[in-house]
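Structure below is my_file05.cif: mmCIF, C-alpha atoms.
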data_input
#
loop_
_atom_site.group_PDB
_atom_site.id
_atom_site.type_symbol
_atom_site.label_atom_id
_atom_site.label_comp_id
_atom_site.auth_asym_id
_atom_site.auth_seq_id
_atom_site.Cartn_x
_atom_site.Cartn_y
_atom_site.Cartn_z
ATOM 1 C CA MET B 1169 2.615 -8.140 2.341
ATOM 2 C CA ARG B 1170 3.568 -6.748 5.731
ATOM 3 C CA TYR B 1171 4.006 -8.948 8.758
ATOM 4 C CA VAL B 1172 6.078 -8.713 11.899
ATOM 5 C CA LEU B 1173 6.831 -12.422 11.693
ATOM 6 C CA CYS B 1174 8.139 -13.385 8.286
ATOM 7 C CA THR B 1175 8.037 -17.031 7.274
ATOM 8 C CA ALA B 1176 8.194 -18.700 3.899
ATOM 9 C CA PHE B 1177 4.415 -19.066 4.081
ATOM 10 C CA LEU B 1178 3.442 -15.610 5.297
ATOM 11 C CA CYS B 1179 5.849 -13.365 3.399
ATOM 12 C CA ILE B 1180 5.238 -12.964 -0.298
ATOM 13 C CA ILE B 1181 8.181 -11.137 -1.876
ATOM 14 C CA PRO B 1182 6.760 -8.387 -4.107
ATOM 15 C CA LEU B 1183 8.158 -6.561 -7.170
ATOM 16 C CA ALA B 1184 11.244 -4.676 -8.341
ATOM 17 C CA CYS B 1185 12.767 -1.514 -9.842
ATOM 18 C CA SER B 1186 14.927 -1.023 -12.886
ATOM 19 C CA THR B 1187 16.206 2.149 -14.485
ATOM 20 C CA ALA B 1188 15.881 0.347 -17.810
ATOM 21 C CA TYR B 1189 12.136 1.064 -17.665
ATOM 22 C CA SER B 1190 11.636 4.798 -17.830
ATOM 23 C CA SER B 1191 8.218 6.471 -17.869
ATOM 24 C CA ASP B 1192 8.903 9.636 -19.838
ATOM 25 C CA SER B 1193 5.250 10.158 -20.735
ATOM 26 C CA VAL B 1194 4.717 11.847 -17.363
ATOM 27 C CA ILE B 1195 5.242 15.625 -17.434
ATOM 28 C CA GLU B 1196 7.480 16.635 -14.557
ATOM 29 C CA ASP B 1197 4.898 18.749 -12.731
ATOM 30 C CA ASP B 1198 2.007 16.338 -13.242
ATOM 31 C CA ILE B 1199 0.503 14.481 -10.311
ATOM 32 C CA PHE B 1200 -1.085 11.041 -10.496
ATOM 33 C CA TYR B 1201 -4.368 11.251 -8.559
ATOM 34 C CA LEU B 1202 -5.713 7.816 -7.658
ATOM 35 C CA PRO B 1203 -9.244 7.137 -6.306
ATOM 36 C CA VAL B 1204 -9.612 5.043 -3.161
ATOM 37 C CA ILE B 1205 -12.646 3.294 -1.688
ATOM 38 C CA VAL B 1206 -12.308 2.168 1.926
ATOM 39 C CA HIS B 1207 -14.570 -0.764 2.757
ATOM 40 C CA VAL B 1208 -15.016 -0.582 6.524
ATOM 41 C CA LEU B 1209 -15.973 -4.053 7.705
ATOM 42 C CA HIS B 1210 -17.395 -3.821 11.205
ATOM 43 C CA LYS B 1211 -19.412 -5.903 13.661
ATOM 44 C CA GLY B 1212 -22.377 -3.659 14.219
ATOM 45 C CA GLU B 1213 -20.591 -1.031 16.316
ATOM 46 C CA SER B 1214 -21.583 2.634 16.104
ATOM 47 C CA ILE B 1215 -19.403 4.771 13.837
ATOM 48 C CA GLY B 1216 -16.219 5.610 15.687
ATOM 49 C CA GLU B 1217 -16.427 2.580 17.956
ATOM 50 C CA GLY B 1218 -14.444 -0.654 17.678
ATOM 51 C CA SER B 1219 -13.836 -1.764 14.101
ATOM 52 C CA ASN B 1220 -16.249 0.840 12.661
ATOM 53 C CA LEU B 1221 -13.563 3.515 12.364
ATOM 54 C CA SER B 1222 -14.526 7.177 12.377
ATOM 55 C CA ARG B 1223 -14.454 9.347 9.287
ATOM 56 C CA ASN B 1224 -11.778 11.498 10.938
ATOM 57 C CA ARG B 1225 -9.455 8.536 11.390
ATOM 58 C CA ILE B 1226 -9.985 7.407 7.800
ATOM 59 C CA ASP B 1227 -9.421 10.939 6.489
ATOM 60 C CA HIS B 1228 -6.267 11.255 8.556
ATOM 61 C CA GLN B 1229 -4.894 7.957 7.239
ATOM 62 C CA ILE B 1230 -5.215 9.280 3.684
ATOM 63 C CA VAL B 1231 -3.392 12.447 4.768
ATOM 64 C CA LEU B 1232 -0.596 10.302 6.224
ATOM 65 C CA LEU B 1233 -0.448 8.247 3.023
ATOM 66 C CA ASN B 1234 -0.111 11.384 0.916
ATOM 67 C CA ASN B 1235 2.494 12.863 3.263
ATOM 68 C CA ASP B 1236 4.585 9.751 2.717
ATOM 69 C CA PHE B 1237 4.150 9.503 -1.047
ATOM 70 C CA ARG B 1238 4.698 13.241 -1.572
ATOM 71 C CA ARG B 1239 7.670 13.545 0.867
ATOM 72 C CA LYS B 1240 5.938 16.510 2.463
ATOM 73 C CA ALA B 1241 8.097 18.849 4.509
ATOM 74 C CA GLY B 1242 7.157 19.158 8.162
ATOM 75 C CA THR B 1243 5.653 15.649 8.311
ATOM 76 C CA ARG B 1244 7.007 12.205 9.148
ATOM 77 C CA GLY B 1245 7.035 11.551 5.403
ATOM 78 C CA PHE B 1246 9.878 13.997 4.776
ATOM 79 C CA ASN B 1247 13.472 12.886 4.298
ATOM 80 C CA GLU B 1248 16.718 14.454 3.193
ATOM 81 C CA TYR B 1249 18.203 11.486 1.379
ATOM 82 C CA PRO B 1250 19.950 12.498 -1.891
ATOM 83 C CA ASN B 1251 18.140 9.618 -3.624
ATOM 84 C CA GLY B 1252 14.825 10.102 -1.814
ATOM 85 C CA GLY B 1253 12.026 11.709 -3.775
ATOM 86 C CA ASP B 1254 8.486 12.996 -4.082
ATOM 87 C CA SER B 1255 6.540 10.306 -5.947
ATOM 88 C CA LYS B 1256 4.024 12.821 -7.323
ATOM 89 C CA ILE B 1257 1.313 10.264 -6.544
ATOM 90 C CA GLU B 1258 -1.681 11.291 -4.434
ATOM 91 C CA PHE B 1259 -4.670 9.359 -3.197
ATOM 92 C CA VAL B 1260 -8.189 10.767 -3.099
ATOM 93 C CA LEU B 1261 -11.193 9.245 -1.372
ATOM 94 C CA ALA B 1262 -13.696 8.445 -4.113
ATOM 95 C CA ARG B 1263 -16.420 11.047 -4.630
ATOM 96 C CA LYS B 1264 -18.953 8.786 -6.348
ATOM 97 C CA ASP B 1265 -20.022 5.181 -5.929
ATOM 98 C CA PRO B 1266 -20.468 2.820 -8.920
ATOM 99 C CA ASN B 1267 -24.054 4.110 -9.325
ATOM 100 C CA GLY B 1268 -22.967 7.728 -9.498
ATOM 101 C CA ASN B 1269 -24.129 8.643 -5.994
ATOM 102 C CA ALA B 1270 -22.039 11.150 -4.052
ATOM 103 C CA ILE B 1271 -19.920 9.548 -1.313
ATOM 104 C CA HIS B 1272 -16.890 10.326 0.815
ATOM 105 C CA GLY B 1273 -14.842 7.275 -0.158
ATOM 106 C CA ILE B 1274 -16.158 5.105 2.673
ATOM 107 C CA ASN B 1275 -18.355 2.015 2.346
ATOM 108 C CA ARG B 1276 -19.480 0.588 5.707
ATOM 109 C CA ILE B 1277 -20.567 -3.043 5.956
ATOM 110 C CA ASN B 1278 -21.787 -4.928 9.027
ATOM 111 C CA VAL B 1279 -20.150 -8.330 8.584
ATOM 112 C CA ASP B 1280 -22.542 -9.908 11.051
ATOM 113 C CA SER B 1281 -25.423 -9.172 8.695
ATOM 114 C CA VAL B 1282 -23.841 -10.860 5.661
ATOM 115 C CA GLU B 1283 -23.221 -14.583 5.257
ATOM 116 C CA ILE B 1284 -20.228 -15.448 3.088
ATOM 117 C CA GLU B 1285 -18.065 -18.455 2.288
ATOM 118 C CA PRO B 1286 -14.815 -18.659 4.309
ATOM 119 C CA ARG B 1287 -11.834 -18.271 1.974
ATOM 120 C CA GLY B 1288 -9.001 -17.281 4.290
ATOM 121 C CA TYR B 1289 -7.156 -13.989 4.651
ATOM 122 C CA ASN B 1290 -7.169 -12.868 1.044
ATOM 123 C CA GLN B 1291 -8.884 -10.463 -1.339
ATOM 124 C CA ASN B 1292 -11.299 -13.089 -2.654
ATOM 125 C CA HIS B 1293 -12.678 -13.596 0.841
ATOM 126 C CA TYR B 1294 -13.296 -9.918 1.575
ATOM 127 C CA ALA B 1295 -14.499 -9.106 -1.939
ATOM 128 C CA GLN B 1296 -17.603 -11.114 -1.069
ATOM 129 C CA TYR B 1297 -18.644 -8.195 1.139
ATOM 130 C CA ALA B 1298 -17.909 -5.502 -1.466
ATOM 131 C CA TYR B 1299 -15.749 -5.186 -4.551
ATOM 132 C CA TRP B 1300 -15.801 -2.140 -6.803
ATOM 133 C CA ASN B 1301 -14.332 -2.003 -10.304
ATOM 134 C CA PRO B 1302 -10.531 -2.045 -9.744
ATOM 135 C CA ASN B 1303 -10.026 0.010 -12.913
ATOM 136 C CA GLN B 1304 -11.969 2.835 -11.232
ATOM 137 C CA TYR B 1305 -11.128 2.416 -7.541
ATOM 138 C CA ILE B 1306 -8.343 1.094 -5.360
ATOM 139 C CA ASN B 1307 -10.257 -1.285 -3.111
ATOM 140 C CA ILE B 1308 -9.050 -1.198 0.497
ATOM 141 C CA TRP B 1309 -10.703 -3.545 2.964
ATOM 142 C CA LEU B 1310 -10.349 -2.855 6.694
ATOM 143 C CA THR B 1311 -10.358 -6.310 8.233
ATOM 144 C CA PRO B 1312 -11.211 -6.774 11.926
ATOM 145 C CA LEU B 1313 -9.009 -9.590 13.236
ATOM 146 C CA PRO B 1314 -8.588 -11.264 16.643
ATOM 147 C CA THR B 1315 -6.579 -9.144 19.090
ATOM 148 C CA GLU B 1316 -3.868 -11.795 19.340
ATOM 149 C CA LEU B 1317 -2.996 -10.999 15.708
ATOM 150 C CA ASN B 1318 -2.724 -7.235 16.240
ATOM 151 C CA CYS B 1319 1.033 -6.977 15.834
ATOM 152 C CA LEU B 1320 1.488 -10.092 13.716
ATOM 153 C CA VAL B 1321 -0.793 -9.620 10.700
ATOM 154 C CA LEU B 1322 -0.714 -6.054 9.398
ATOM 155 C CA GLY B 1323 -1.767 -6.118 5.767
ATOM 156 C CA LEU B 1324 -1.659 -7.713 2.336
ATOM 157 C CA SER B 1325 -1.686 -6.353 -1.214
ATOM 158 C CA SER B 1326 -2.077 -7.725 -4.706
ATOM 159 C CA GLY B 1327 0.401 -6.522 -7.309
ATOM 160 C CA PRO B 1328 0.297 -5.484 -10.979
ATOM 161 C CA ASP B 1329 1.295 -7.921 -13.702
ATOM 162 C CA THR B 1330 3.769 -6.058 -15.945
ATOM 163 C CA ASP B 1331 6.939 -6.768 -17.935
ATOM 164 C CA LEU B 1332 9.132 -5.336 -15.189
ATOM 165 C CA PRO B 1333 11.791 -7.714 -13.846
ATOM 166 C CA GLY B 1334 10.748 -9.292 -10.576
ATOM 167 C CA THR B 1335 7.025 -9.145 -11.260
ATOM 168 C CA GLU B 1336 6.861 -12.876 -10.579
ATOM 169 C CA PHE B 1337 7.608 -12.150 -6.913
ATOM 170 C CA LEU B 1338 4.427 -10.128 -6.472
ATOM 171 C CA SER B 1339 1.079 -11.550 -5.443
ATOM 172 C CA ILE B 1340 -0.509 -11.407 -8.901
ATOM 173 C CA PRO B 1341 -4.254 -12.128 -9.061
ATOM 174 C CA LYS B 1342 -5.258 -15.052 -11.236
ATOM 175 C CA ALA B 1343 -8.131 -14.784 -13.701
ATOM 176 C CA GLY B 1344 -11.308 -14.040 -11.770
ATOM 177 C CA ASP B 1345 -9.496 -13.101 -8.561
ATOM 178 C CA ALA B 1346 -10.182 -9.846 -6.745
ATOM 179 C CA GLU B 1347 -7.393 -7.318 -6.334
ATOM 180 C CA GLY B 1348 -6.804 -4.658 -3.754
ATOM 181 C CA ILE B 1349 -5.357 -4.082 -0.301
ATOM 182 C CA LEU B 1350 -6.245 -5.652 3.049
ATOM 183 C CA ILE B 1351 -5.376 -3.722 6.221
ATOM 184 C CA ASN B 1352 -5.896 -5.066 9.727
ATOM 185 C CA THR B 1353 -8.337 -2.474 11.084
ATOM 186 C CA VAL B 1354 -6.180 -1.565 14.086
ATOM 187 C CA HIS B 1355 -3.339 -0.568 11.741
ATOM 188 C CA PHE B 1356 -5.376 1.828 9.620
ATOM 189 C CA GLY B 1357 -4.274 5.287 10.759
ATOM 190 C CA GLU B 1358 -2.454 6.277 13.919
ATOM 191 C CA SER B 1359 -3.218 4.482 17.173
ATOM 192 C CA ASP B 1360 -1.941 4.026 20.711
ATOM 193 C CA LEU B 1361 -1.397 0.322 20.061
ATOM 194 C CA GLU B 1362 1.790 -0.924 21.725
ATOM 195 C CA CYS B 1363 3.295 -2.161 18.494
ATOM 196 C CA HIS B 1364 6.049 -1.192 16.037
ATOM 197 C CA ALA B 1365 3.315 -0.423 13.496
ATOM 198 C CA ASN B 1366 1.031 2.272 14.936
ATOM 199 C CA LEU B 1367 1.605 5.352 12.772
ATOM 200 C CA GLY B 1368 -0.281 4.423 9.596
ATOM 201 C CA ARG B 1369 2.715 3.175 7.591
ATOM 202 C CA THR B 1370 1.161 -0.229 6.881
ATOM 203 C CA LEU B 1371 -0.955 1.330 4.126
ATOM 204 C CA THR B 1372 2.081 3.135 2.685
ATOM 205 C CA HIS B 1373 3.974 -0.162 2.507
ATOM 206 C CA GLU B 1374 1.087 -2.101 0.964
ATOM 207 C CA MET B 1375 0.332 0.661 -1.529
ATOM 208 C CA GLY B 1376 3.952 0.396 -2.649
ATOM 209 C CA HIS B 1377 3.334 -3.272 -3.473
ATOM 210 C CA TYR B 1378 0.055 -2.373 -5.206
ATOM 211 C CA LEU B 1379 2.008 -0.005 -7.463
ATOM 212 C CA GLY B 1380 4.739 -2.522 -8.211
ATOM 213 C CA LEU B 1381 7.436 -2.347 -5.545
ATOM 214 C CA LEU B 1382 9.303 -5.257 -3.978
ATOM 215 C CA HIS B 1383 10.597 -5.429 -0.461
ATOM 216 C CA THR B 1384 14.084 -3.904 -0.433
ATOM 217 C CA TRP B 1385 15.609 -7.408 -0.181
ATOM 218 C CA GLY B 1386 13.659 -8.393 -3.279
ATOM 219 C CA ASN B 1387 14.447 -11.939 -4.356
ATOM 220 C CA GLY B 1388 17.073 -12.338 -1.641
ATOM 221 C CA ILE B 1389 19.974 -12.249 -4.104
ATOM 222 C CA CYS B 1390 22.433 -9.382 -3.737
ATOM 223 C CA GLY B 1391 23.045 -9.018 -7.463
ATOM 224 C CA THR B 1392 19.418 -8.436 -8.425
ATOM 225 C CA ASN B 1393 17.634 -7.727 -5.151
ATOM 226 C CA ASP B 1394 14.666 -5.350 -5.671
ATOM 227 C CA TYR B 1395 15.964 -4.162 -9.071
ATOM 228 C CA CYS B 1396 16.290 -0.606 -7.736
ATOM 229 C CA ASN B 1397 19.885 0.508 -8.034
ATOM 230 C CA ASP B 1398 19.541 3.237 -5.419
ATOM 231 C CA THR B 1399 18.241 0.998 -2.610
ATOM 232 C CA PRO B 1400 21.326 -0.486 -0.900
ATOM 233 C CA ALA B 1401 21.367 -4.232 -1.525
ATOM 234 C CA VAL B 1402 20.336 -6.561 1.289
ATOM 235 C CA ASP B 1403 19.611 -10.274 1.019
ATOM 236 C CA SER B 1404 17.306 -10.808 4.012
ATOM 237 C CA ALA B 1405 14.265 -9.168 5.561
ATOM 238 C CA VAL B 1406 14.820 -5.826 7.291
ATOM 239 C CA PHE B 1407 13.098 -5.316 10.667
ATOM 240 C CA GLY B 1408 13.236 -2.892 13.572
ATOM 241 C CA HIS B 1409 14.924 0.485 13.832
ATOM 242 C CA ASN B 1410 18.640 -0.136 14.291
ATOM 243 C CA PRO B 1411 21.181 0.434 11.470
ATOM 244 C CA ILE B 1412 22.364 -2.757 9.773
ATOM 245 C CA LEU B 1413 24.848 -3.681 7.064
ATOM 246 C CA GLY B 1414 23.725 -5.306 3.846
ATOM 247 C CA CYS B 1415 25.523 -6.779 0.854
ATOM 248 C CA ASP B 1416 29.188 -5.803 0.533
ATOM 249 C CA GLY B 1417 29.093 -4.109 3.922
ATOM 250 C CA GLU B 1418 26.912 -1.257 2.650
ATOM 251 C CA MET B 1419 24.604 0.437 5.152
ATOM 252 C CA VAL B 1420 20.983 -0.603 4.562
ATOM 253 C CA MET B 1421 18.316 2.091 4.051
ATOM 254 C CA ILE B 1422 16.359 0.901 7.054
ATOM 255 C CA SER B 1423 13.920 3.829 6.767
ATOM 256 C CA ASN B 1424 12.646 2.704 3.360
ATOM 257 C CA TYR B 1425 8.886 2.123 3.277
ATOM 258 C CA MET B 1426 9.378 -1.277 1.642
ATOM 259 C CA ASN B 1427 11.023 -2.788 4.724
ATOM 260 C CA PHE B 1428 9.396 -4.264 7.813
ATOM 261 C CA SER B 1429 10.973 -1.440 9.817
ATOM 262 C CA ASP B 1430 9.283 0.358 12.698
ATOM 263 C CA ASP B 1431 6.755 3.008 11.669
ATOM 264 C CA THR B 1432 8.696 5.616 13.657
ATOM 265 C CA ILE B 1433 11.636 5.568 11.231
ATOM 266 C CA MET B 1434 9.996 4.899 7.861
ATOM 267 C CA ASN B 1435 10.211 7.949 5.597
ATOM 268 C CA ALA B 1436 11.595 7.169 2.134
ATOM 269 C CA PHE B 1437 10.869 6.016 -1.364
ATOM 270 C CA THR B 1438 13.905 6.278 -3.631
ATOM 271 C CA ASN B 1439 13.971 7.780 -7.112
ATOM 272 C CA ASP B 1440 14.272 4.340 -8.732
ATOM 273 C CA GLN B 1441 11.307 3.065 -6.729
ATOM 274 C CA ILE B 1442 9.320 6.102 -7.861
ATOM 275 C CA GLU B 1443 10.328 5.488 -11.461
ATOM 276 C CA ARG B 1444 9.062 1.938 -11.183
ATOM 277 C CA MET B 1445 5.695 3.043 -9.791
ATOM 278 C CA HIS B 1446 5.371 5.581 -12.624
ATOM 279 C CA TYR B 1447 6.100 2.858 -15.154
ATOM 280 C CA VAL B 1448 3.292 0.748 -13.672
ATOM 281 C CA LEU B 1449 0.861 3.697 -13.729
ATOM 282 C CA ASN B 1450 1.669 4.393 -17.364
ATOM 283 C CA ASN B 1451 1.809 0.838 -18.689
ATOM 284 C CA HIS B 1452 -0.414 -1.458 -16.622
ATOM 285 C CA GLU B 1453 -3.929 -1.320 -18.087
ATOM 286 C CA GLY B 1454 -5.787 -1.285 -14.771
ATOM 287 C CA ARG B 1455 -3.444 1.067 -12.920
ATOM 288 C CA HIS B 1456 -3.369 3.430 -15.907
ATOM 289 C CA ALA B 1457 -7.159 3.504 -15.980
ATOM 290 C CA LEU B 1458 -7.248 4.633 -12.335
ATOM 291 C CA TRP B 1459 -5.683 8.023 -13.023
ATOM 292 C CA SER B 1460 -6.412 8.582 -16.703
ATOM 293 C CA SER B 1461 -10.205 8.280 -16.698
ATOM 294 C CA SER B 1462 -11.298 9.647 -13.322
ATOM 295 C CA ASP B 1463 -12.159 13.259 -12.507
ATOM 296 C CA ILE B 1464 -10.843 13.145 -8.950
ATOM 297 C CA LYS B 1465 -8.303 15.930 -8.675
ATOM 298 C CA SER B 1466 -8.373 17.870 -5.438
ATOM 299 C CA ASN B 1467 -9.760 21.364 -5.501
#
Would it be possible to restate this file's structure as structure tokens?
Amino acid sequence: MRYVLCTAFLCIIPLACSTAYSSDSVIEDDIFYLPVIVHVLHKGESIGEGSNLSRNRIDHQIVLLNNDFRRKAGTRGFNEYPNGGDSKIEFVLARKDPNGNAIHGINRINVDSVEIEPRGYNQNHYAQYAYWNPNQYINIWLTPLPTELNCLVLGLSSGPDTDLPGTEFLSIPKAGDAEGILINTVHFGESDLECHANLGRTLTHEMGHYLGLLHTWGNGICGTNDYCNDTPAVDSAVFGHNPILGCDGEMVMISNYMNFSDDTIMNAFTNDQIERMHYVLNNHEGRHALWSSSDIKSN
């Protein structure tokens, strides 16, 4: 979950990384291609106006997401950290809907034309508008929220239930619950919003949780932390853009995507974080189904 204000109620501490869980079934040059459906919840505006985001902005957000996950040179997603890596995970807007009709990965819904039961800011609430099989699509709901929440509530993600240490700190769906990612509409893609989060990194952060990553401070205990040995240990939430010291006086990797850092400096997943995401993609039934059964590779 990504918020500017972090309280015991609003911040769910997600997953962890451990080199004890290798995923050697992935050939080195292989890429995990994962299908995405973006449910654009709007209030009757024309496409490109207000909360009914344009196709160009949605397309560009997916480009930004892939730049970050692939550590692409010449983009904000590139870094030169010795322990920073290319995740070899790419996201593709779904080409077909559940009925087999050709689409461009976007499902637009006028929320004013649908009456639903209020359930709070969670996946179960927004799944009442649309929810596609999570074994075939990563459901992303763009949620129009009051302007006073613009720089307070950024996004929320469910996590995968695996045997990795720290899984209990993720937001794991209960039986019958919907899973997926919520993004405050104004934080989907780049914007001119006067906020620390205006370059599309909210989706990168939440997708990390969706694929099994904890915040870098993990469980708040220096000895275990996020279970990724190559993320410098820190025992409290990391905000902003200034260098800080963590456990044992070690410099914190403030640019890691799994912090609450400013979008302007985020640019790194570490090799242990990548290994953890690969383990989830190979061993979690639903996440494995996303890449193993879909013909979605880019041409």
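Minimum distance to Tyr1294 (chain B) across B:Gly1454, B:Gly1391, B:Gly1245, B:Gly1348 (counting all atoms listed in the file) occurs at B:Gly1348.
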Interface rows for region 1270-1351 of chain B against region 1363-1378 of chain B: nearest pair, Å to one decimal, 7 Å, only C-alpha atoms, as a tab-separated table:
residue	atom	partner	partner_atom	distance
B:Cys1319	CA	B:Cys1363	CA	5.9
B:Leu1322	CA	B:Thr1370	CA	6.6
B:Gly1323	CA	B:Thr1370	CA	6.7
B:Leu1324	CA	B:Glu1374	CA	6.4
B:Ser1325	CA	B:Glu1374	CA	5.5
B:Ser1326	CA	B:Tyr1378	CA	5.8
B:Gly1327	CA	B:Tyr1378	CA	4.7
B:Pro1328	CA	B:Tyr1378	CA	6.6
B:Ile1349	CA	B:Glu1374	CA	6.9
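When CA of Val1420 (chain B) is paired with CA of Gly1253 (chain B), their separation reads 17.4 Å.
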Legend entry - Output of the PyMOL selection byres ((chain B and resi 1240) around 12), listed as a PyMOL selection string: chain B and resi 1231-1239+1241-1248+1252-1258+1435-1436
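Atom pair CA of Lys1211 (chain B) / CA of Gln1291 (chain B): separated by 18.9 Å.
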Legend entry - Output check: residues returned by the PyMOL selection byres ((chain B and resi 1338) around 12), as a VMD selection string: chain B and resid 1169 1179 to 1184 1324 to 1330 1332 to 1337 1339 to 1342 1374 1376 to 1383 1386 to 1387 1394
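Minimum atom-to-atom distance to Ala1298 (chain B), evaluated using all atoms listed in the file, belongs to B:Val1206 out of B:Val1206, B:Ile1412, B:Ile1442, B:Ile1351.
With all atoms listed in the file as the atoms that count, the residue of B:Asn1424, B:Ser1222, B:Thr1384, B:Asn1301 with the shortest distance to Ala1401 (chain B) is B:Thr1384.
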Inset, instruction - Apply the PyMOL selection byres ((chain B and resi 1456) around 12) to the structure shown and report the selected residues as a ChimeraX atom specification. - result: /B:1193-1194,1200-1203,1302-1306,1328,1330,1379,1445-1455,1457-1462
Inset, instruction - With a distance cut-off of 9 Å and all atoms listed in the file, select the neighbouring residues of Leu1261 (chain B), excluding the residue or stretch itself and same-chain residues fewer than 5 positions from it, and output the selection as a list in words. - result: Leu1202, Pro1203, Val1204, Ile1205, Val1206, Asp1227, Ile1230, Ile1271, His1272, Gly1273, Ile1274 and Ile1464 of chain B
Legend entry - Close residues, His1409 (chain B) itself excluded, 8 Å, all atoms listed in the file, min 6 positions apart in chain, as an NGL selection string: :B and (1422-1423 or 1429-1430 or 1433)
For those residues, write C-alpha atoms to a file as an mmCIF file, in the frame of the given file.
data_model
loop_
_atom_site.group_PDB
_atom_site.id
_atom_site.type_symbol
_atom_site.label_atom_id
_atom_site.label_comp_id
_atom_site.auth_asym_id
_atom_site.auth_seq_id
_atom_site.Cartn_x
_atom_site.Cartn_y
_atom_site.Cartn_z
ATOM 1 C CA ILE B 1422 16.359 0.901 7.054
ATOM 2 C CA SER B 1423 13.920 3.829 6.767
ATOM 3 C CA SER B 1429 10.973 -1.440 9.817
ATOM 4 C CA ASP B 1430 9.283 0.358 12.698
ATOM 5 C CA ILE B 1433 11.636 5.568 11.231
#
Please return the centre and edge lengths, in Å to one decimal, of a box with edges along x, y and z that contains all listed atoms of region 1268-1285 of chain B, widened by 3 Å on every side, as JSON.
{"center_x": -20.1, "center_y": -3.7, "center_z": 0.8, "size_x": 16.6, "size_y": 35.6, "size_z": 26.5}
Inset, instruction - Considering all atoms listed in the file, return as a list in words whatever protein or nucleic-acid residues lie within 10 Å of region 1276-1289 of chain B, sequence-local ones (same chain, fewer than 3 positions apart) excluded. - result: Val1206, His1207, Val1208, Leu1209, His1210, Lys1211, Gly1212, Glu1213, Ile1215, Ser1219, Asn1220, Leu1221, Asn1292, His1293, Tyr1294, Ala1295, Gln1296, Tyr1297, Ala1298, Leu1310, Thr1311, Pro1312, Leu1313, Val1321, Gly1323, Leu1324 and Leu1350 of chain B
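Across the model, the gap from CA of Glu1418 (chain B) to CA of Asp1431 (chain B) is 22.5 Å.
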